[in-house]
>>> print(open('run-v7.txt').read())   # compact mmCIF, C-alpha atoms and all ligand atoms
# COMPACT_ATOMS: atom_id res chain seq x y z
CA MET A 1 101.68 51.90 27.36
CA VAL A 2 98.59 50.08 28.47
CA VAL A 3 96.22 52.32 30.38
CA SER A 4 93.54 50.72 32.45
CA ASN A 5 89.95 51.70 31.81
CA GLU A 6 89.83 53.41 35.16
CA LYS A 7 92.85 55.53 34.38
CA LYS A 8 91.61 56.26 30.85
CA LEU A 9 88.51 57.77 32.30
CA LEU A 10 90.56 60.11 34.43
CA LEU A 11 92.92 61.25 31.69
CA PRO A 12 93.29 65.01 31.50
CA GLY A 13 91.65 66.66 28.53
CA ARG A 14 88.29 65.02 29.14
CA PRO A 15 87.22 67.03 32.20
CA LEU A 16 83.47 66.95 31.56
CA ARG A 17 83.33 63.18 31.01
CA ASN A 18 85.61 62.58 33.99
CA ALA A 19 83.43 64.65 36.28
CA THR A 20 80.29 62.79 35.15
CA VAL A 21 81.96 59.44 35.69
CA LEU A 22 83.13 60.53 39.11
CA VAL A 23 79.62 61.56 40.11
CA ILE A 24 78.22 58.23 38.86
CA GLU A 25 80.93 56.35 40.73
CA ILE A 26 80.19 58.18 43.96
CA ALA A 27 76.45 57.58 43.53
CA LEU A 28 77.07 53.90 42.84
CA SER A 29 79.26 53.55 45.90
CA PHE A 30 76.55 55.19 48.06
CA ALA A 31 73.93 52.87 46.59
CA LYS A 32 76.17 49.87 47.30
CA LYS A 33 76.67 50.96 50.90
CA ARG A 34 72.92 51.43 51.36
CA LEU A 35 72.23 48.01 49.87
CA LYS A 36 74.80 46.46 52.19
CA ALA A 37 73.29 48.22 55.20
CA CYS A 38 69.85 47.03 54.16
CA ALA A 39 71.02 43.44 53.78
CA THR A 40 72.69 43.55 57.18
CA SER A 41 69.58 44.93 58.81
CA GLN A 42 67.50 42.24 57.11
CA ASN A 43 69.83 39.58 58.46
CA ASN A 44 69.92 40.99 61.97
CA LYS A 45 66.41 42.33 61.59
CA GLY A 46 68.22 45.61 62.49
CA PHE A 47 67.02 44.91 65.92
CA TYR A 48 69.38 43.97 68.72
CA ASN A 49 72.98 43.87 69.59
CA HIS A 50 74.19 41.24 72.01
CA LEU A 51 73.19 43.44 74.92
CA GLY A 52 69.64 43.58 73.72
CA ALA A 53 70.08 47.21 72.81
CA LYS A 54 68.10 49.06 70.14
CA MET A 55 64.56 47.86 70.18
CA GLU A 56 61.02 48.91 69.56
CA GLN A 57 60.90 47.78 65.94
CA LYS A 58 57.35 48.27 64.75
CA ASN A 59 56.62 44.99 63.07
CA ARG A 60 58.23 42.32 65.12
CA ALA A 61 57.88 41.48 68.79
CA LYS A 62 60.83 40.96 71.05
CA ILE A 63 60.56 37.47 72.48
CA ILE A 64 61.74 36.73 76.01
CA ALA A 65 61.84 33.26 77.53
CA VAL A 66 61.36 33.26 81.28
CA ALA A 67 63.30 30.19 82.27
CA ASN A 68 64.94 28.37 85.12
CA GLN A 69 64.76 24.61 85.43
CA LYS A 70 64.55 24.99 89.20
CA GLY A 71 60.96 24.75 90.42
CA GLY A 72 59.12 27.44 92.36
CA VAL A 73 61.61 30.27 91.85
CA GLY A 74 59.04 32.78 90.56
CA LYS A 75 59.06 32.15 86.79
CA THR A 76 55.29 32.26 86.38
CA THR A 77 54.80 35.08 88.89
CA SER A 78 57.41 37.10 87.01
CA ALA A 79 56.16 36.23 83.52
CA VAL A 80 52.54 37.10 84.39
CA ASN A 81 53.26 40.27 86.32
CA LEU A 82 56.00 41.63 84.08
CA ALA A 83 53.64 41.02 81.14
CA ALA A 84 50.87 42.88 82.99
CA ALA A 85 53.21 45.73 83.95
CA LEU A 86 54.38 46.10 80.33
CA ALA A 87 50.74 46.06 79.20
CA LYS A 88 49.99 48.77 81.76
CA LYS A 89 52.79 50.76 80.12
CA ARG A 90 50.83 50.47 76.85
CA LYS A 91 52.90 47.74 75.26
CA LYS A 92 51.06 45.02 73.40
CA VAL A 93 52.04 41.81 75.10
CA LEU A 94 51.48 38.12 74.45
CA LEU A 95 52.13 35.67 77.26
CA VAL A 96 52.81 32.14 76.07
CA ASP A 97 52.05 29.57 78.74
CA SER A 98 54.53 26.89 77.81
CA ASP A 99 54.11 24.90 81.01
CA PRO A 100 51.66 21.98 81.32
CA GLN A 101 50.88 23.18 84.85
CA GLY A 102 48.97 26.02 83.17
CA ASN A 103 49.72 28.37 86.07
CA ALA A 104 50.14 31.46 83.89
CA SER A 105 46.75 30.77 82.27
CA SER A 106 44.86 30.13 85.49
CA GLY A 107 46.65 33.07 87.12
CA LEU A 108 45.04 35.23 84.45
CA GLY A 109 41.61 33.90 85.27
CA ILE A 110 41.31 31.31 82.51
CA GLN A 111 39.42 28.10 83.26
CA ILE A 112 42.10 25.82 81.88
CA GLY A 113 40.05 22.64 82.29
CA SER A 114 37.42 23.77 79.85
CA LEU A 115 39.68 25.10 77.11
CA GLU A 116 38.79 23.60 73.74
CA GLN A 117 42.00 24.60 72.07
CA HIS A 118 45.28 25.54 73.63
CA LEU A 119 49.02 25.52 73.04
CA TYR A 120 49.15 21.76 72.65
CA HIS A 121 46.94 21.98 69.55
CA SER A 122 49.23 24.55 67.96
CA TYR A 123 52.40 22.71 68.91
CA THR A 124 51.55 19.38 67.42
CA GLY A 125 48.07 19.61 65.93
CA GLY A 126 48.69 22.30 63.34
CA VAL A 127 46.07 24.71 64.75
CA PRO A 128 47.22 28.28 63.92
CA LEU A 129 48.46 30.08 67.01
CA THR A 130 46.08 32.98 66.31
CA ASP A 131 43.17 30.58 66.82
CA ILE A 132 44.15 29.72 70.37
CA ILE A 133 45.21 33.17 71.59
CA LEU A 134 42.78 34.77 74.02
CA LYS A 135 42.42 38.35 75.12
CA THR A 136 42.67 38.73 78.90
CA LYS A 137 40.88 41.16 81.21
CA VAL A 138 44.08 43.20 81.21
CA VAL A 139 44.09 45.75 78.38
CA ASN A 140 46.92 45.02 75.88
CA LEU A 141 47.59 41.56 77.31
CA SER A 142 46.81 38.35 75.43
CA ILE A 143 47.64 34.78 76.29
CA ALA A 144 48.34 31.54 74.48
CA PRO A 145 46.94 29.28 77.21
CA SER A 146 47.88 25.75 78.19
CA ASN A 147 46.79 22.95 80.38
CA ILE A 148 48.03 19.52 81.38
CA ASP A 149 47.62 18.20 77.81
CA LEU A 150 50.84 20.01 76.98
CA VAL A 151 52.69 17.13 78.69
CA ALA A 152 52.01 15.08 75.55
CA THR A 153 53.70 17.71 73.39
CA GLU A 154 57.08 16.91 74.83
CA MET A 155 56.66 13.24 73.91
CA GLU A 156 55.21 13.93 70.48
CA LEU A 157 58.00 16.34 69.65
CA ILE A 158 60.63 13.65 70.19
CA SER A 159 59.79 11.90 66.94
CA MET A 160 59.54 15.10 64.90
CA GLU A 161 62.14 16.62 62.66
CA LYS A 162 63.43 20.06 63.66
CA ARG A 163 61.55 19.59 66.92
CA GLU A 164 63.39 22.46 68.58
CA PHE A 165 61.94 25.01 66.16
CA ASN A 166 58.18 24.46 66.52
CA LEU A 167 57.52 27.37 68.85
CA GLN A 168 59.74 29.66 66.80
CA LYS A 169 57.66 28.91 63.70
CA MET A 170 54.40 29.38 65.59
CA LEU A 171 55.45 32.73 67.05
CA ALA A 172 56.60 34.00 63.67
CA THR A 173 52.94 33.98 62.57
CA VAL A 174 51.81 36.37 65.33
CA SER A 175 54.95 38.33 66.09
CA GLY A 176 53.78 41.33 64.11
CA ASN A 177 50.79 41.84 66.41
CA PHE A 178 52.76 42.43 69.60
CA ASP A 179 55.59 44.49 71.06
CA TYR A 180 56.68 41.78 73.47
CA ILE A 181 56.12 38.05 73.76
CA LEU A 182 56.95 36.42 77.09
CA ILE A 183 57.26 32.66 77.32
CA ASP A 184 56.66 31.05 80.69
CA CYS A 185 58.84 27.92 80.60
CA PRO A 186 58.33 24.79 82.72
CA PRO A 187 60.73 23.75 85.49
CA SER A 188 62.82 21.44 83.31
CA LEU A 189 65.37 21.60 80.54
CA GLY A 190 63.29 19.41 78.22
CA LEU A 191 62.02 20.13 74.73
CA LEU A 192 59.45 22.72 75.83
CA THR A 193 62.17 24.84 77.42
CA VAL A 194 64.54 24.26 74.49
CA ASN A 195 61.74 25.38 72.13
CA GLY A 196 61.30 28.48 74.29
CA LEU A 197 65.01 29.28 74.21
CA THR A 198 65.21 28.63 70.47
CA ALA A 199 62.25 30.92 69.76
CA ALA A 200 63.46 33.72 72.03
CA HIS A 201 65.73 36.68 71.48
CA SER A 202 66.67 36.68 75.13
CA VAL A 203 66.16 34.85 78.37
CA LEU A 204 65.10 36.29 81.69
CA ILE A 205 66.16 34.16 84.64
CA PRO A 206 64.22 34.52 87.87
CA MET A 207 66.09 33.16 90.85
CA GLN A 208 65.27 32.84 94.46
CA CYS A 209 67.90 33.95 96.92
CA GLU A 210 68.46 30.59 98.56
CA TYR A 211 71.29 28.19 99.12
CA TYR A 212 71.02 25.98 96.02
CA ALA A 213 70.23 28.81 93.60
CA MET A 214 73.74 29.04 92.12
CA GLU A 215 73.99 25.33 91.51
CA GLY A 216 70.94 25.24 89.25
CA LEU A 217 72.10 28.38 87.55
CA ALA A 218 75.31 26.78 86.28
CA GLN A 219 73.28 24.06 84.57
CA LEU A 220 70.91 26.59 83.05
CA VAL A 221 73.75 28.72 81.69
CA LYS A 222 75.24 25.56 80.16
CA THR A 223 71.92 24.83 78.43
CA ILE A 224 71.64 28.41 77.19
CA ARG A 225 75.15 28.10 75.74
CA SER A 226 74.24 24.85 73.96
CA VAL A 227 71.04 26.30 72.51
CA LYS A 228 73.00 29.36 71.41
CA LYS A 229 75.60 27.20 69.73
CA ILE A 230 73.23 24.81 67.97
CA PHE A 231 69.85 26.49 67.45
CA ASN A 232 69.87 30.20 68.21
CA LYS A 233 73.19 31.98 67.90
CA ASP A 234 71.80 35.40 68.87
CA LEU A 235 70.24 34.32 72.16
CA PHE A 236 71.42 36.39 75.09
CA ILE A 237 70.65 36.76 78.78
CA GLU A 238 68.24 39.64 79.25
CA GLY A 239 68.85 39.60 82.96
CA LEU A 240 68.79 37.68 86.20
CA LEU A 241 65.95 38.65 88.47
CA LEU A 242 66.19 38.14 92.22
CA THR A 243 62.80 37.04 93.48
CA MET A 244 61.24 36.55 96.91
CA TYR A 245 63.92 38.89 98.18
CA ASP A 246 63.83 39.03 101.93
CA LYS A 247 65.73 41.93 103.45
CA ARG A 248 65.71 40.36 106.89
CA ASN A 249 67.45 37.22 105.75
CA LYS A 250 71.25 37.20 105.73
CA LEU A 251 71.34 34.44 103.13
CA THR A 252 69.53 36.74 100.69
CA TYR A 253 72.46 39.16 100.75
CA GLN A 254 75.01 36.38 100.42
CA VAL A 255 73.31 34.89 97.37
CA ALA A 256 72.72 38.34 95.84
CA ASP A 257 76.44 39.13 96.27
CA GLU A 258 77.44 35.82 94.73
CA VAL A 259 75.15 36.34 91.73
CA ALA A 260 76.43 39.89 91.26
CA LYS A 261 80.02 38.60 91.38
CA HIS A 262 79.34 36.13 88.57
CA PHE A 263 76.89 38.05 86.42
CA GLY A 264 77.64 41.70 87.19
CA LYS A 265 75.48 44.04 85.12
CA GLN A 266 73.35 41.19 83.88
CA VAL A 267 71.51 41.23 87.20
CA PHE A 268 68.44 43.50 87.21
CA LYS A 269 68.73 46.33 89.72
CA THR A 270 65.07 45.77 90.59
CA VAL A 271 64.52 42.96 93.05
CA ILE A 272 61.13 41.37 93.72
CA PRO A 273 60.41 41.32 97.46
CA ARG A 274 58.66 38.49 99.18
CA ASN A 275 55.12 39.79 99.26
CA VAL A 276 52.07 37.88 100.36
CA ARG A 277 49.84 39.78 97.90
CA LEU A 278 51.86 38.25 95.04
CA SER A 279 51.10 34.77 96.29
CA GLU A 280 47.42 35.58 96.77
CA CYS A 281 46.55 37.11 93.42
CA PRO A 282 46.70 33.94 91.23
CA SER A 283 43.92 32.35 93.27
CA HIS A 284 41.74 35.33 92.30
CA GLY A 285 42.71 34.93 88.64
CA GLN A 286 44.30 38.37 88.75
CA THR A 287 47.68 39.90 88.15
CA ILE A 288 49.18 41.92 90.99
CA ILE A 289 48.49 45.12 89.06
CA GLU A 290 44.75 44.41 89.18
CA TYR A 291 44.76 42.78 92.59
CA ASP A 292 46.70 45.38 94.59
CA ILE A 293 48.48 48.07 92.65
CA ARG A 294 49.78 49.62 95.89
CA SER A 295 51.47 46.46 97.13
CA SER A 296 55.24 46.19 97.21
CA GLY A 297 54.96 43.34 94.68
CA ALA A 298 53.05 45.48 92.17
CA MET A 299 55.50 48.34 92.56
CA ALA A 300 58.42 45.98 92.08
CA TYR A 301 57.02 44.57 88.81
CA MET A 302 56.20 48.08 87.54
CA ASN A 303 59.79 49.09 88.35
CA LEU A 304 61.06 45.98 86.60
CA ALA A 305 59.04 46.85 83.50
CA GLY A 306 60.55 50.34 83.60
CA GLU A 307 64.08 48.98 83.93
CA PHE A 308 63.43 46.44 81.20
CA LEU A 309 62.09 49.05 78.77
CA LYS A 310 65.00 51.38 79.50
CA GLN A 311 67.37 48.53 78.75
CA GLN A 312 65.79 48.14 75.29
CA ARG A 313 66.69 51.71 74.40
CA VAL A 314 70.40 51.62 75.34
N1 LIG A 401 57.73 37.56 95.41
C1 LIG A 401 56.95 36.62 95.93
N2 LIG A 401 56.46 36.73 97.18
C2 LIG A 401 55.69 35.77 97.71
N3 LIG A 401 55.34 34.65 97.08
C3 LIG A 401 55.81 34.48 95.83
C4 LIG A 401 56.61 35.44 95.18
N4 LIG A 401 56.92 34.98 93.94
C5 LIG A 401 56.33 33.81 93.82
N5 LIG A 401 55.66 33.49 94.94
C6 LIG A 401 54.91 32.25 95.19
O1 LIG A 401 55.85 31.18 95.15
C7 LIG A 401 55.30 30.05 94.51
C8 LIG A 401 56.13 29.72 93.28
O2 LIG A 401 56.09 30.79 92.37
P1 LIG A 401 55.90 30.55 90.81
O3 LIG A 401 54.77 29.65 90.55
O4 LIG A 401 55.90 31.88 90.17
O5 LIG A 401 57.27 29.81 90.51
P2 LIG A 401 57.66 28.99 89.21
O6 LIG A 401 59.12 29.10 89.09
O7 LIG A 401 56.84 29.42 88.07
O8 LIG A 401 57.24 27.53 89.63
P3 LIG A 401 57.27 26.23 88.68
O9 LIG A 401 58.71 25.88 88.57
O10 LIG A 401 56.46 25.22 89.41
O11 LIG A 401 56.67 26.63 87.38
C9 LIG A 401 53.88 30.44 94.17
O12 LIG A 401 53.02 29.99 95.18
C10 LIG A 401 53.90 31.96 94.13
O13 LIG A 401 52.63 32.53 94.44
MG MG A 402 55.67 28.23 86.74
>>> encode(input="run-v7.txt", output="structure tokens", more="lines below")
Ligand SMILES: Nc1ncnc2c1ncn2[C@@H]1O[C@H](COP(=O)(O)OP(=O)(O)OP(=O)(O)O)[C@@H](O)[C@H]1O
Ligand SMILES: [Mg+2]
Amino acid sequence: MVVSNEKKLLLPGRPLRNATVLVIEIALSFAKKRLKACATSQNNKGFYNHLGAKMEQKNRAKIIAVANQKGGVGKTTSAVNLAAALAKKRKKVLLVDSDPQGNASSGLGIQIGSLEQHLYHSYTGGVPLTDIILKTKVVNLSIAPSNIDLVATEMELISMEKREFNLQKMLATVSGNFDYILIDCPPSLGLLTVNGLTAAHSVLIPMQCEYYAMEGLAQLVKTIRSVKKIFNKDLFIEGLLLTMYDKRNKLTYQVADEVAKHFGKQVFKTVIPRNVRLSECPSHGQTIIEYDIRSSGAMAYMNLAGEFLKQQRV
């Protein structure tokens, strides 16, 4: 009779040897499992599930693109003030101003006209991102600033290979220095936004409660799906944020209901009210937290930061 090696080892009459082999086998199987777990966590960076759960890894920032191709819906206001609120909650935050309008930069008090180096130089000129990042007046908050020169980036990227991955590569060099990186995207679905979505783990979508909001949203969701399919399979929607929420306006409720119907739990519970202090603070080069911490706008963004952070721990 042919006895397999495995069986031979377990033959009676060799109890001591068998026990040793068994112990080795168990140890090996544990080691294998640990190796497998390690490899999986390396691949996933052990970091998120599709809901964005399990966060706070020490050495790598979570990257959130703030995007909506519709203009004036509160992307920059939300990117700047959520970044400031997270910084206030002692998170190290980098805000990437990926919009040639440079509103996030000027809103943080940066003289964008006199910048020697900015995002454009990192995007296409090979200047390390660390060289262009500036500390802001807000403790824990840094910015990669931009100005109108960034318009040229979009054109220069067209002729480049792997043009969708530039920002991802740039952010990889600084990711270890921050807890969160927020990207303020421009109001278009061009290469700057695609770079933002490719570099990000998740996308936060600010939307104004107005009649055409849903229409633009469908197009954005389509783009997110395409980016997910082609460039960034793990990208997910962090949440939809209702901005300039006006309790007195019936349309606000109708749009909010419609959004909730389509996106359910993906809509942040926190809404950002229409608040004149929020529209004033950029002209003073200040975030709402510095400008008027007691305003309804400041409280809303602090609440949003709280909700956002809670979401990371699910
Ligand atoms: N909650 C709010 N209450 C009052 N005004 C607001 C609020 N949010 C944004 N605003 C104002 O609305 C205008 C558009 O906001 P913001 O610049 O944040 O939008 P955006 O989506 O970044 O615009 P763009 O598409 O041009 O980049 C700004 O003047 C801003 O100050
Ligand atoms: Mg903007």
>>> residues_around(input="run-v7.txt", residues="Leu94 of chain A", least_positions_apart="5", cutoff="12 Å", atoms="all atoms listed in the file", output="ChimeraX atom specification")
/A:61-65,79-80,82-84,86-87,104-105,129-130,132-136,138-145,171,174-184
>>> residues_around(input="run-v7.txt", residues="Gln117 of chain A", least_positions_apart="2", cutoff="10 Å", atoms="only C-alpha atoms", output="JSON, numbers by chain")
{"A": [112, 114, 115, 119, 120, 121, 122, 125, 127, 129, 131, 132, 133, 144, 145, 146, 147]}
>>> residues_near_ligand(input="run-v7.txt", ligand="ligand MG 402 (chain A)", cutoff="9 Å", atoms="all atoms listed in the file", output="list in words")
Gly71, Gly72, Val73, Gly74, Lys75, Thr76, Thr77, Ala79, Asp97, Asp99, Gln101, Gly102, Asn103, Ala104, Asp184, Cys185, Pro186 and Pro187 of chain A
>>> axis_aligned_box(input="run-v7.txt", around="segment 145-164 of chain A", padding_each_side="4 Å", output="lines of an AutoDock Vina configuration file")
center_x = 55.1
center_y = 20.6
center_z = 72.0
size_x = 24.6
size_y = 25.4
size_z = 26.7
>>> closest_residue(input="run-v7.txt", among="A:Ser106, A:Ser296, A:Asn303, A:Ser279", to="ligand LIG 401 (chain A)", atoms="only C-alpha atoms and all ligand atoms")
A:Ser279
>>> atom_distance(input="run-v7.txt", atom1="atom CA of Asn81 of chain A", atom2="atom CA of Leu204 of chain A")
13.3 Å
>>> residues_around(input="run-v7.txt", residues="Tyr253 of chain A", least_positions_apart="3", cutoff="12 Å", atoms="all atoms listed in the file", output="PyMOL selection string")
chain A and resi 208-211+242+245-250+256-260+271
>>> atom_distance(input="run-v7.txt", atom1="atom CA of Val93 of chain A", atom2="atom CA of Gly113 of chain A")
23.7 Å
>>> closest_residue(input="run-v7.txt", among="A:Ser295, A:Asn59, A:Thr124, A:Ser226", to="Thr173 of chain A", atoms="all atoms listed in the file")
A:Asn59
>>> closest_residue(input="run-v7.txt", among="A:Leu217, A:Met170, A:Leu278, A:Ile158", to="ligand LIG 401 (chain A)", atoms="only C-alpha atoms and all ligand atoms")
A:Leu278
>>> residues_near_point(input="run-v7.txt", point="(65.3, 28.8, 74.8)", cutoff="9 Å", atoms="only C-alpha atoms", output="number ranges by chain")
A: 64-67, 185, 192-203, 223-224, 227-228, 231-232, 235
>>> residues_around(input="run-v7.txt", residues="Arg294 of chain A", least_positions_apart="6", cutoff="12 Å", atoms="only C-alpha atoms", output="ChimeraX atom specification")
/A:275,277-278,288,300-302
>>> atom_distance(input="run-v7.txt", atom1="atom CA of Phe263 of chain A", atom2="atom C8 of ligand LIG 401 (chain A)")
23.4 Å
